[in-house]
$ cat query_38.txt   # compact mmCIF, C-alpha atoms
# COMPACT_ATOMS: atom_id res chain seq x y z
CA SER A 785 7.52 17.38 -13.53
CA PRO A 786 8.31 14.97 -10.69
CA SER A 787 5.16 16.19 -8.99
CA MET A 788 3.22 14.46 -11.76
CA SER A 789 5.35 11.33 -11.74
CA ARG A 790 3.49 8.04 -11.53
CA CYS A 791 5.81 5.07 -11.90
CA HIS A 792 3.88 2.17 -13.32
CA ASN A 793 6.08 -0.34 -11.51
CA HIS A 794 6.26 1.57 -8.24
CA SER A 795 3.10 3.48 -7.45
CA PRO A 796 3.78 6.01 -4.68
CA HIS A 797 0.32 5.43 -3.16
CA MET A 798 0.66 2.39 -0.85
CA GLY A 799 -3.12 2.46 -0.28
CA LEU A 800 -3.85 1.45 -3.83
CA LEU A 801 -4.71 -2.19 -4.36
CA LEU A 802 -2.61 -2.22 -7.52
CA VAL A 803 0.56 -1.76 -5.50
CA LEU A 804 0.39 -5.40 -4.43
CA CYS A 805 0.06 -6.42 -8.05
CA LEU A 806 2.78 -4.24 -9.50
CA LEU A 807 5.26 -4.67 -6.66
CA SER A 808 4.58 -8.36 -6.08
CA GLY A 809 7.49 -10.60 -5.33
CA CYS A 810 6.15 -13.31 -7.60
CA GLN A 811 7.40 -13.98 -11.10
CA PRO A 812 4.44 -12.99 -13.30
CA PRO A 813 4.26 -13.84 -16.98
CA PRO A 814 6.72 -11.76 -19.04
CA SER A 815 5.41 -8.48 -20.37
CA PRO A 816 4.85 -8.37 -24.13
CA GLU A 817 7.44 -6.79 -26.39
CA ARG A 818 7.01 -3.05 -26.81
CA THR A 819 5.84 -2.99 -30.41
CA ALA A 820 2.89 -1.45 -32.24
CA PRO A 821 0.65 -4.56 -32.04
CA ASN A 822 0.95 -4.31 -28.25
CA LEU A 823 0.07 -0.63 -28.03
CA ALA A 824 -3.19 -1.21 -26.12
CA TYR A 825 -1.31 -3.10 -23.40
CA HIS A 826 1.16 -0.28 -22.81
CA ARG A 827 -1.55 2.36 -22.96
CA ALA A 828 -3.30 0.41 -20.22
CA ARG A 829 -0.15 0.32 -18.11
CA ASN A 830 0.25 4.07 -18.48
CA ALA A 831 -3.41 4.57 -17.56
CA ILE A 832 -2.76 2.65 -14.33
CA ALA A 833 0.31 4.82 -13.71
CA GLN A 834 -1.97 7.88 -13.92
CA GLU A 835 -4.64 6.18 -11.79
CA ARG A 836 -7.07 6.21 -14.72
CA PHE A 837 -8.49 2.79 -13.99
CA ASP A 838 -11.53 3.31 -16.22
CA TRP A 839 -9.28 3.75 -19.25
CA ALA A 840 -6.98 0.94 -18.12
CA ARG A 841 -9.91 -1.49 -18.18
CA ILE A 842 -10.84 -0.45 -21.72
CA TYR A 843 -7.29 -0.84 -23.02
CA PHE A 844 -6.72 -4.18 -21.28
CA ARG A 845 -9.97 -5.46 -22.75
CA GLN A 846 -8.83 -4.31 -26.22
CA ASP A 847 -5.51 -6.05 -25.71
CA LEU A 848 -7.21 -9.29 -24.65
CA GLN A 849 -9.38 -9.17 -27.76
CA GLN A 850 -6.22 -8.99 -29.86
CA HIS A 851 -4.19 -11.35 -27.66
CA PRO A 852 -6.60 -13.69 -25.81
CA ASP A 853 -3.73 -15.77 -24.39
CA ARG A 854 -2.01 -12.85 -22.70
CA VAL A 855 -2.53 -13.64 -19.03
CA GLU A 856 -0.69 -10.50 -17.91
CA SER A 857 -3.52 -8.34 -19.27
CA LEU A 858 -6.02 -10.59 -17.52
CA ARG A 859 -4.17 -10.10 -14.23
CA LEU A 860 -3.94 -6.32 -14.52
CA GLU A 861 -7.48 -5.85 -15.79
CA GLY A 862 -8.67 -7.82 -12.77
CA MET A 863 -6.63 -5.60 -10.44
CA SER A 864 -7.87 -2.44 -12.15
CA TRP A 865 -11.47 -3.37 -11.29
CA LEU A 866 -10.52 -3.26 -7.59
CA SER A 867 -9.63 0.44 -7.71
CA GLY A 868 -11.27 3.69 -8.78
CA TYR A 869 -14.77 5.11 -8.52
CA GLN A 870 -16.37 2.55 -10.84
CA GLN A 871 -14.78 -0.44 -9.18
CA SER A 872 -16.45 -3.84 -9.21
CA LEU A 873 -15.05 -6.30 -6.70
CA THR A 874 -17.12 -9.09 -8.22
CA THR A 875 -15.78 -8.50 -11.75
CA GLY A 876 -12.25 -8.12 -10.41
CA SER A 877 -12.43 -11.38 -8.46
CA GLU A 878 -13.78 -13.25 -11.49
CA LEU A 879 -10.93 -12.01 -13.68
CA LEU A 880 -8.31 -12.83 -11.06
CA ALA A 881 -9.72 -16.34 -10.69
CA ARG A 882 -9.49 -16.80 -14.47
CA TYR A 883 -5.91 -15.55 -14.37
CA LEU A 884 -4.97 -17.92 -11.53
CA ALA A 885 -6.51 -20.86 -13.40
CA ARG A 886 -3.79 -20.26 -16.01
CA TYR A 887 -1.01 -19.00 -13.76
CA PRO A 888 -1.58 -20.65 -10.36
CA ASP A 889 1.74 -19.80 -8.70
CA ASP A 890 1.16 -16.06 -8.27
CA GLU A 891 0.92 -15.88 -4.47
CA PRO A 892 0.28 -12.10 -4.12
CA ILE A 893 -2.67 -12.38 -6.52
CA LYS A 894 -4.05 -15.35 -4.62
CA LEU A 895 -3.86 -13.31 -1.42
CA GLN A 896 -5.61 -10.41 -3.13
CA LEU A 897 -8.32 -12.70 -4.46
CA VAL A 898 -9.02 -14.11 -0.97
CA ARG A 899 -9.25 -10.58 0.48
CA THR A 900 -11.62 -9.54 -2.29
CA LEU A 901 -13.83 -12.60 -1.83
CA LEU A 902 -14.06 -11.83 1.89
CA LEU A 903 -15.08 -8.25 1.09
CA ILE A 904 -17.96 -9.42 -1.11
CA GLY A 905 -19.01 -12.04 1.46
CA ASP A 906 -18.08 -15.12 -0.57
CA ARG A 907 -16.50 -17.02 2.32
CA ASP A 908 -16.85 -20.44 0.67
CA HIS A 909 -14.66 -19.52 -2.30
CA ALA A 910 -12.37 -17.53 -0.01
CA ARG A 911 -11.80 -20.69 2.04
CA VAL A 912 -10.99 -22.70 -1.11
CA TRP A 913 -8.41 -20.19 -2.35
CA ALA A 914 -6.94 -19.67 1.13
CA GLY A 915 -6.24 -23.41 1.24
CA ARG A 916 -4.11 -23.08 -1.90
CA LEU A 917 -1.73 -20.50 -0.46
CA ARG A 918 1.88 -21.32 0.28
CA ASP A 919 2.82 -21.10 3.95
CA SER A 920 3.78 -17.54 4.94
CA ALA A 921 2.88 -14.90 7.51
CA ALA A 922 0.51 -13.22 5.04
CA ALA A 923 -1.10 -16.56 4.15
CA ASN A 924 -1.53 -17.49 7.83
CA LEU A 925 -3.14 -14.09 8.48
CA ILE A 926 -5.72 -14.43 5.70
CA GLN A 927 -6.42 -18.07 6.65
CA ALA A 928 -7.12 -16.94 10.21
CA GLU A 929 -9.47 -14.25 8.91
CA VAL A 930 -11.32 -16.78 6.76
CA ALA A 931 -11.73 -19.16 9.71
CA LEU A 932 -12.62 -16.51 12.29
CA LEU A 933 -16.43 -16.74 12.17
CA ALA A 934 -16.84 -20.45 11.47
CA ASP A 935 -13.99 -21.99 13.46
CA PRO A 936 -12.31 -19.83 16.13
CA ASP A 937 -9.94 -22.64 17.12
CA ALA A 938 -8.67 -22.99 13.54
CA ALA A 939 -8.33 -19.20 13.43
CA ARG A 940 -6.22 -19.35 16.61
CA VAL A 941 -3.89 -21.98 15.09
CA ALA A 942 -3.45 -19.92 11.92
CA ILE A 943 -2.81 -16.64 13.75
CA GLU A 944 -0.31 -18.31 16.07
CA GLN A 945 1.57 -19.45 12.98
CA ALA A 946 1.53 -15.88 11.69
CA VAL A 947 2.77 -14.53 15.03
CA ALA A 948 5.58 -17.07 15.03
CA ARG A 949 6.72 -15.66 11.67
CA LEU A 950 6.71 -12.01 12.77
CA ALA A 951 10.45 -12.03 13.48
CA THR A 952 11.16 -13.04 9.87
CA LEU A 953 9.32 -10.08 8.34
CA PRO A 954 11.41 -7.14 7.07
CA PRO A 955 10.92 -3.75 8.80
CA GLU A 956 9.03 -2.23 5.86
CA GLU A 957 6.23 -4.78 6.33
CA TYR A 958 5.04 -3.00 9.47
CA HIS A 959 1.49 -2.88 8.05
CA LEU A 960 1.41 -6.68 7.86
CA GLN A 961 2.89 -6.93 11.35
CA SER A 962 0.21 -4.59 12.69
CA ARG A 963 -2.61 -6.49 10.96
CA ILE A 964 -1.38 -9.76 12.46
CA HIS A 965 -1.50 -8.25 15.96
CA VAL A 966 -4.94 -6.70 15.31
CA LEU A 967 -6.44 -10.04 14.28
CA ALA A 968 -4.66 -11.90 17.09
CA ALA A 969 -6.23 -9.48 19.58
CA GLN A 970 -9.68 -10.12 18.09
CA ILE A 971 -9.24 -13.89 18.11
CA TYR A 972 -7.98 -14.10 21.70
CA GLU A 973 -10.78 -11.81 22.87
CA ARG A 974 -13.31 -14.15 21.23
CA LEU A 975 -11.60 -17.08 22.96
CA GLU A 976 -11.92 -15.23 26.30
CA ASP A 977 -8.19 -14.76 26.79
CA PRO A 978 -8.10 -10.98 27.44
CA THR A 979 -4.51 -10.92 28.71
CA ARG A 980 -3.08 -12.26 25.45
CA ALA A 981 -5.53 -10.13 23.47
CA LEU A 982 -4.31 -7.04 25.32
CA THR A 983 -0.66 -7.79 24.54
CA HIS A 984 -1.40 -7.98 20.81
CA ALA A 985 -3.68 -4.91 20.81
CA LEU A 986 -0.97 -2.80 22.44
CA GLU A 987 1.59 -3.97 19.90
CA ALA A 988 -0.81 -3.22 17.04
CA VAL A 989 -1.25 0.41 18.08
CA ARG A 990 2.49 0.77 18.67
CA LEU A 991 3.14 -0.28 15.09
CA ASN A 992 0.27 1.73 13.61
CA PRO A 993 -1.45 4.18 15.98
CA LEU A 994 -3.94 5.14 13.25
CA GLU A 995 -5.72 1.75 13.67
CA TYR A 996 -8.59 3.43 15.45
CA GLY A 997 -10.74 0.33 15.96
CA VAL A 998 -8.06 -1.21 18.18
CA PHE A 999 -8.33 1.65 20.68
CA TYR A 1000 -12.00 0.87 21.20
CA GLN A 1001 -11.11 -2.79 21.75
CA LEU A 1002 -8.39 -1.71 24.19
CA GLY A 1003 -11.05 -0.07 26.35
CA ARG A 1004 -12.83 -3.42 26.68
CA LEU A 1005 -9.58 -5.28 27.34
CA TRP A 1006 -8.47 -2.88 30.07
CA ARG A 1007 -11.78 -3.56 31.80
CA ALA A 1008 -11.57 -7.34 31.25
CA THR A 1009 -8.08 -7.43 32.77
CA GLY A 1010 -9.04 -5.22 35.72
CA GLN A 1011 -6.92 -2.24 34.61
CA THR A 1012 -9.75 0.25 34.53
CA GLU A 1013 -7.49 3.26 35.23
CA HIS A 1014 -6.45 3.19 31.56
CA ILE A 1015 -9.94 3.23 30.04
CA ALA A 1016 -10.61 6.98 30.01
CA THR A 1017 -7.29 7.88 28.38
CA THR A 1018 -7.68 5.11 25.79
CA LEU A 1019 -11.17 6.25 24.79
CA GLU A 1020 -9.96 9.86 24.53
CA THR A 1021 -7.25 8.64 22.15
CA TYR A 1022 -9.87 6.70 20.22
CA GLN A 1023 -11.88 9.90 19.73
CA ILE A 1024 -8.80 11.70 18.38
CA VAL A 1025 -7.80 8.89 16.01
CA SER A 1026 -11.36 8.41 14.75
CA ARG A 1027 -11.37 12.02 13.49
CA LEU A 1028 -8.42 11.15 11.25
CA GLN A 1029 -10.19 8.38 9.36
CA GLN A 1030 -10.62 8.93 5.63
CA ASP A 1031 -13.22 6.24 5.00
CA GLY A 1032 -16.06 8.55 4.00
CA THR A 1033 -17.94 8.10 7.28
CA ARG A 1034 -16.75 11.37 8.85
CA THR A 1035 -16.49 15.02 7.88
CA ARG A 1036 -13.24 15.39 6.01
CA LEU A 1037 -10.72 17.59 7.79
CA THR A 1038 -8.70 20.25 6.03
CA PRO A 1039 -4.92 19.63 6.02
CA THR A 1040 -4.50 22.27 8.74
CA GLU A 1041 -7.19 20.63 10.91
CA GLU A 1042 -5.76 17.18 10.30
CA LEU A 1043 -2.25 18.29 11.26
CA ALA A 1044 -3.58 19.88 14.46
CA THR A 1045 -5.33 16.59 15.28
CA LEU A 1046 -2.11 14.65 14.66
CA ARG A 1047 -0.28 16.96 17.03
CA GLN A 1048 -2.93 16.17 19.67
CA LEU A 1049 -2.26 12.49 19.13
CA GLU A 1050 1.53 12.69 19.12
CA PRO A 1051 2.19 12.68 22.90
CA ARG A 1052 -0.12 9.67 23.31
CA ILE A 1053 1.67 7.25 20.96
CA ALA A 1054 5.05 5.70 20.22
CA ARG A 1055 7.14 8.51 18.77
CA ASP A 1056 8.84 6.29 16.19
CA SER A 1057 5.62 5.18 14.49
CA TYR A 1058 6.41 5.15 10.76
CA GLU A 1059 2.79 5.46 9.65
CA PHE A 1060 2.28 8.48 11.92
CA ARG A 1061 5.46 10.18 10.69
CA ARG A 1062 4.55 9.55 7.06
CA ARG A 1063 1.09 11.08 7.51
CA LYS A 1064 2.57 14.03 9.42
CA LEU A 1065 5.15 14.66 6.69
CA SER A 1066 2.48 14.86 4.01
CA LEU A 1067 0.49 17.37 6.06
CA LEU A 1068 3.52 19.51 6.94
CA LEU A 1069 4.28 19.94 3.26
CA GLN A 1070 0.62 20.54 2.35
CA THR A 1071 0.45 23.32 4.94
CA ASP A 1072 3.74 24.94 3.82
CA GLN A 1073 5.60 24.04 7.00
CA VAL A 1074 8.51 23.11 4.81
CA ALA A 1075 11.39 23.46 7.28
CA GLU A 1076 9.84 20.99 9.75
CA GLY A 1077 8.84 18.76 6.83
CA ALA A 1078 12.39 18.72 5.44
CA ASP A 1079 13.76 17.73 8.85
CA LEU A 1080 11.30 14.85 9.00
CA LEU A 1081 12.15 13.84 5.44
CA HIS A 1082 15.81 13.45 6.39
CA VAL A 1083 14.74 11.16 9.25
CA LEU A 1084 12.44 9.03 7.09
CA ARG A 1085 14.89 8.55 4.22
CA ARG A 1086 17.25 6.80 6.66
CA ASP A 1087 14.49 4.68 8.23
CA PRO A 1088 14.79 0.96 7.31
CA ARG A 1089 11.00 0.85 6.91
CA THR A 1090 11.16 3.25 3.94
CA THR A 1091 10.38 1.42 0.69
CA LEU A 1092 11.27 2.28 -2.89
CA ALA A 1093 7.72 3.53 -3.41
CA ASP A 1094 8.10 5.77 -0.34
CA LEU A 1095 11.32 7.29 -1.72
CA LEU A 1096 9.56 8.14 -4.98
CA THR A 1097 6.69 9.71 -3.07
CA TYR A 1098 9.03 11.69 -0.82
CA GLY A 1099 10.98 12.91 -3.84
CA LYS A 1100 7.74 14.15 -5.38
CA TRP A 1101 6.71 15.87 -2.15
CA ALA A 1102 10.12 17.52 -1.76
CA ASP A 1103 9.93 18.88 -5.32
CA GLU A 1104 6.40 20.20 -4.76
CA SER A 1105 7.57 22.02 -1.63
CA GLY A 1106 10.47 23.68 -3.43
CA ARG A 1107 13.25 21.51 -1.97
CA ARG A 1108 14.64 20.52 -5.34
CA SER A 1109 18.09 19.50 -4.08
CA LEU A 1110 16.53 17.19 -1.50
CA SER A 1111 14.14 15.88 -4.17
CA GLU A 1112 17.08 14.94 -6.39
CA GLU A 1113 18.82 13.20 -3.48
CA LEU A 1114 15.70 11.12 -2.82
CA PHE A 1115 15.24 10.11 -6.45
CA THR A 1116 18.95 9.23 -6.63
CA GLN A 1117 18.55 7.09 -3.51
CA ALA A 1118 15.58 5.37 -5.19
CA LEU A 1119 17.66 4.74 -8.30
CA GLU A 1120 20.47 3.26 -6.21
CA ARG A 1121 17.93 0.85 -4.76
CA GLU A 1122 16.54 -0.07 -8.18
CA PRO A 1123 18.67 1.11 -11.14
CA GLU A 1124 15.83 0.58 -13.64
CA SER A 1125 13.09 2.45 -11.78
CA PRO A 1126 11.12 4.36 -14.45
CA GLY A 1127 9.75 6.89 -11.95
CA ALA A 1128 13.21 7.76 -10.63
CA LEU A 1129 14.78 7.94 -14.10
CA ALA A 1130 12.04 10.20 -15.48
CA SER A 1131 12.10 12.50 -12.45
CA LEU A 1132 15.90 12.81 -12.43
CA ALA A 1133 15.84 13.60 -16.16
CA TYR A 1134 13.36 16.39 -15.50
CA LEU A 1135 15.32 17.80 -12.55
CA ARG A 1136 18.60 17.74 -14.48
CA HIS A 1137 16.90 19.44 -17.45
CA GLN A 1138 15.53 22.16 -15.14
CA ALA A 1139 19.03 22.64 -13.73
CA GLY A 1140 20.42 23.19 -17.25
CA ASP A 1141 22.33 19.90 -17.34
CA SER A 1142 21.10 18.63 -20.69
CA ALA A 1143 23.71 15.89 -20.98
CA ALA A 1144 22.71 14.26 -17.69
CA ALA A 1145 19.01 14.68 -18.51
CA ARG A 1146 19.54 12.99 -21.87
CA ALA A 1147 21.43 10.13 -20.21
CA TYR A 1148 18.60 9.47 -17.78
CA LEU A 1149 16.04 9.61 -20.60
CA THR A 1150 18.06 7.18 -22.70
CA ARG A 1151 18.18 4.71 -19.84
CA GLY A 1152 14.47 5.14 -19.21
CA LEU A 1153 13.42 4.74 -22.83
CA ALA A 1154 15.56 1.62 -23.11
CA ARG A 1155 13.68 0.26 -20.11
CA ASP A 1156 10.20 1.22 -21.37
CA PRO A 1157 9.67 3.36 -24.49
CA PHE A 1158 5.93 3.43 -23.82
CA PHE A 1159 6.24 5.05 -20.38
CA ALA A 1160 4.40 8.34 -20.91
CA ARG A 1161 6.47 10.40 -18.45
CA TYR A 1162 9.47 10.30 -20.82
CA HIS A 1163 7.47 12.07 -23.53
CA HIS A 1164 6.27 15.03 -21.37
$ encode --input "query_38.txt" --output "C-alpha cells"
Amino acid sequence: SPSMSRCHNHSPHMGLLLVLCLLSGCQPPPSPERTAPNLAYHRARNAIAQERFDWARIYFRQDLQQHPDRVESLRLEGMSWLSGYQQSLTTGSELLARYLARYPDDEPIKLQLVRTLLLIGDRDHARVWAGRLRDSAAANLIQAEVALLADPDAARVAIEQAVARLATLPPEEYHLQSRIHVLAAQIYERLEDPTRALTHALEAVRLNPLEYGVFYQLGRLWRATGQTEHIATTLETYQIVSRLQQDGTRTRLTPTEELATLRQLEPRIARDSYEFRRRKLSLLLQTDQVAEGADLLHVLRRDPRTTLADLLTYGKWADESGRRSLSEELFTQALEREPESPGALASLAYLRHQAGDSAAARAYLTRGLARDPFFARYHH
C-alpha cells in the first residue's frame, strides 16, 4: 500500500543522509541496464528504498565484486554506511573519497564527504576537500564551518559569501538558509559582534524554530546587546524546544505528549514555519486528529517550500489516516512535478486498484515498470 511506499529516487524521510545522494542535482554516472547480471545492484537500490542499509551494503559489495568499475555502486555503498544502526562514518568517507577520485565533479557527494570528515574529527582532510568545492551557498557554509576553529576571519569571509547568496536559494532550501544563519550567529559572536550575531540568530529561529541550540545562544546575545528583558522568555522557549529533540539524549515523548509540547511552542514562534507545520502534521495524524491534519495538509501542499519528497510523504500520511481521496490528489501532484516518479506511480496504481479501476492501475504499473522493472513496490 502507499503507506509502505519507499521511492528509491525520492525518499520521504528528509533526515536520511541518502536523500542528498539520491536527490542530488549532479549528473552521476548512468545506472546500469536492468538485466540479470546487474541484479545485485538493483537489489541494493531496493534495500535502500526500504531503509535496509545493512542489506544494501552487502548487495553493493557483491555488485562491485562483479563490476569493479561501477562507480555508482561505490557511491551508494559509501552513502549507505552513513545511515542505519551499524553505520561507520569512517568506512563511508573512505568509499566516498574513492568514488570522487574517479568521478570528481559530484558536488553533493563532496559536500557530504566534508560533513562526514568533520563529524569524525578529520579537519585536515575536510579542509582539502572543502577547497575543491565549486562556489555556492552550501560550499561557502561548509568552508566556514571548516575554518571556524582555526581561522575565524576566514570563517567570517566564507559565511558572508553564503549570506550574500541567500536570496538566490529556492524556498524549499529553508534548512540550508537556517543553517547559514545559525553559523553566522556563531561566527559573529566569536568575533565579538553581538548585534550582527543577534540578527542572524533571530532569522535562524524564524526559519526553523526547532533549532534549540540557537535559543540558548539568543539568551547570551540579548544580554550582550543590553536587551535583558527578553532573556527569561527566550530561555523558557529553549526549555520547550529542548524537550522536542530526538537525538537520544532525552526521554522520548509519546506522540500525544509531543503534540502538546508543540502547541505550547506555537504562540512563541513564527506561525508560518514550515518545519514546525510539518512536524505538527505528522503528530496530528499519529494521534488521530485527522480533520485538523487534513486542513494543514491542504495548506502545506500549496506551500512553495513543499518538495517532491514531501508530497510523497504527505500522500502516504493521508492514506494511513483514511483520507484516500486526498492521498490520491497528493500523489497526482507529485507525478505532475516528476512524471517518472516511481513512488507516485506505484502508489497511484495501488489506489486505483483499491478503487476498482483496474485499467488505470495497469496503466500506472506499465509506466512504472518501464521506468524501473526492479522496483519492488510494483511487485507487491
$ closest_residue --input "query_38.txt" --among "A:Asp1056, A:Glu1020, A:Asp977, A:Asp1087" --to "Leu991 (chain A)" --atoms "all atoms listed in the file"
A:Asp1056
$ residues_around --input "query_38.txt" --residues "Tyr1098 (chain A)" --least-positions-apart "4" --cutoff "8 Å" --atoms "all atoms listed in the file" --output "JSON, numbers by chain"
{"A": [1081, 1094, 1102, 1111, 1114]}
$ write_last_selection --input "query_38.txt" --atoms "C-alpha atoms" --output "JSON list (two decimals), keeping the file's coordinate frame"
[["chain", "number", "residue", "atom", "x", "y", "z"],
["A", 1081, "LEU", "CA", 12.15, 13.84, 5.44],
["A", 1094, "ASP", "CA", 8.10, 5.77, -0.34],
["A", 1102, "ALA", "CA", 10.12, 17.52, -1.76],
["A", 1111, "SER", "CA", 14.14, 15.88, -4.17],
["A", 1114, "LEU", "CA", 15.70, 11.12, -2.82]]
$ atom_distance --input "query_38.txt" --atom1 "CA of Glu1042 (chain A)" --atom2 "CA of Ala988 (chain A)"
22.0 Å
$ closest_residue --input "query_38.txt" --among "A:Ala946, A:Arg990, A:Leu903, A:Gly1099" --to "Glu1050 (chain A)" --atoms "all atoms listed in the file"
A:Arg990
$ closest_residue --input "query_38.txt" --among "A:Gly1003, A:Pro1126, A:Pro993, A:Gly905" --to "Pro1051 (chain A)" --atoms "only C-alpha atoms"
A:Pro993
$ residues_around --input "query_38.txt" --residues "Leu1096 (chain A)" --least-positions-apart "3" --cutoff "8 Å" --atoms "all atoms listed in the file" --output "list in words"
Pro796, Leu1092, Ala1093, Gly1099, Lys1100, Leu1114, Phe1115, Ala1118, Gly1127 and Ala1128 of chain A
$ residues_near_point --input "query_38.txt" --point "(-3.5, -12.8, -27.3)" --cutoff "12 Å" --atoms "all atoms listed in the file" --output "MDAnalysis selection string"
chainID A and resid 816 821:822 824:825 844:858
$ closest_residue --input "query_38.txt" --among "A:Gly1010, A:Gln1073, A:Thr1017, A:Glu1120" --to "Thr1040 (chain A)" --atoms "all atoms listed in the file"
A:Gln1073
$ atom_distance --input "query_38.txt" --atom1 "CA of Arg1107 (chain A)" --atom2 "CA of Pro955 (chain A)"
27.6 Å
$ residues_near_point --input "query_38.txt" --point "(12.8, 19.0, -13.1)" --cutoff "9 Å" --atoms "all atoms listed in the file" --output "PDB file with C-alpha atoms, keeping the file's coordinate frame"
ATOM      1  CA  SER A 785       7.520  17.380 -13.530  1.00  0.00           C
ATOM      2  CA  PRO A 786       8.310  14.970 -10.690  1.00  0.00           C
ATOM      3  CA  ASP A1103       9.930  18.880  -5.320  1.00  0.00           C
ATOM      4  CA  ARG A1108      14.640  20.520  -5.340  1.00  0.00           C
ATOM      5  CA  GLU A1112      17.080  14.940  -6.390  1.00  0.00           C
ATOM      6  CA  SER A1131      12.100  12.500 -12.450  1.00  0.00           C
ATOM      7  CA  LEU A1132      15.900  12.810 -12.430  1.00  0.00           C
ATOM      8  CA  ALA A1133      15.840  13.600 -16.160  1.00  0.00           C
ATOM      9  CA  TYR A1134      13.360  16.390 -15.500  1.00  0.00           C
ATOM     10  CA  LEU A1135      15.320  17.800 -12.550  1.00  0.00           C
ATOM     11  CA  ARG A1136      18.600  17.740 -14.480  1.00  0.00           C
ATOM     12  CA  HIS A1137      16.900  19.440 -17.450  1.00  0.00           C
ATOM     13  CA  GLN A1138      15.530  22.160 -15.140  1.00  0.00           C
ATOM     14  CA  ALA A1139      19.030  22.640 -13.730  1.00  0.00           C
TER      15      ALA A1139
END
$ closest_residue --input "query_38.txt" --among "A:His984, A:Arg899, A:Arg1086, A:Arg907" --to "Leu1002 (chain A)" --atoms "only C-alpha atoms"
A:His984
$ residues_around --input "query_38.txt" --residues "Ala939 (chain A)" --least-positions-apart "5" --cutoff "8 Å" --atoms "only C-alpha atoms" --output "PyMOL selection string"
chain A and resi 927-932+971
$ atom_distance --input "query_38.txt" --atom1 "CA of Thr1150 (chain A)" --atom2 "CA of Pro1123 (chain A)"
13.1 Å
$ residues_around --input "query_38.txt" --residues "Pro1088 (chain A)" --least-positions-apart "4" --cutoff "9 Å" --atoms "all atoms listed in the file" --output "list in words"
Pro954, Pro955, Glu956 and Leu1084 of chain A
$ residues_around --input "query_38.txt" --residues "Arg882 (chain A)" --least-positions-apart "3" --cutoff "10 Å" --atoms "only C-alpha atoms" --output "ChimeraX atom specification"
/A:855,858-859,862,876-879,885-888
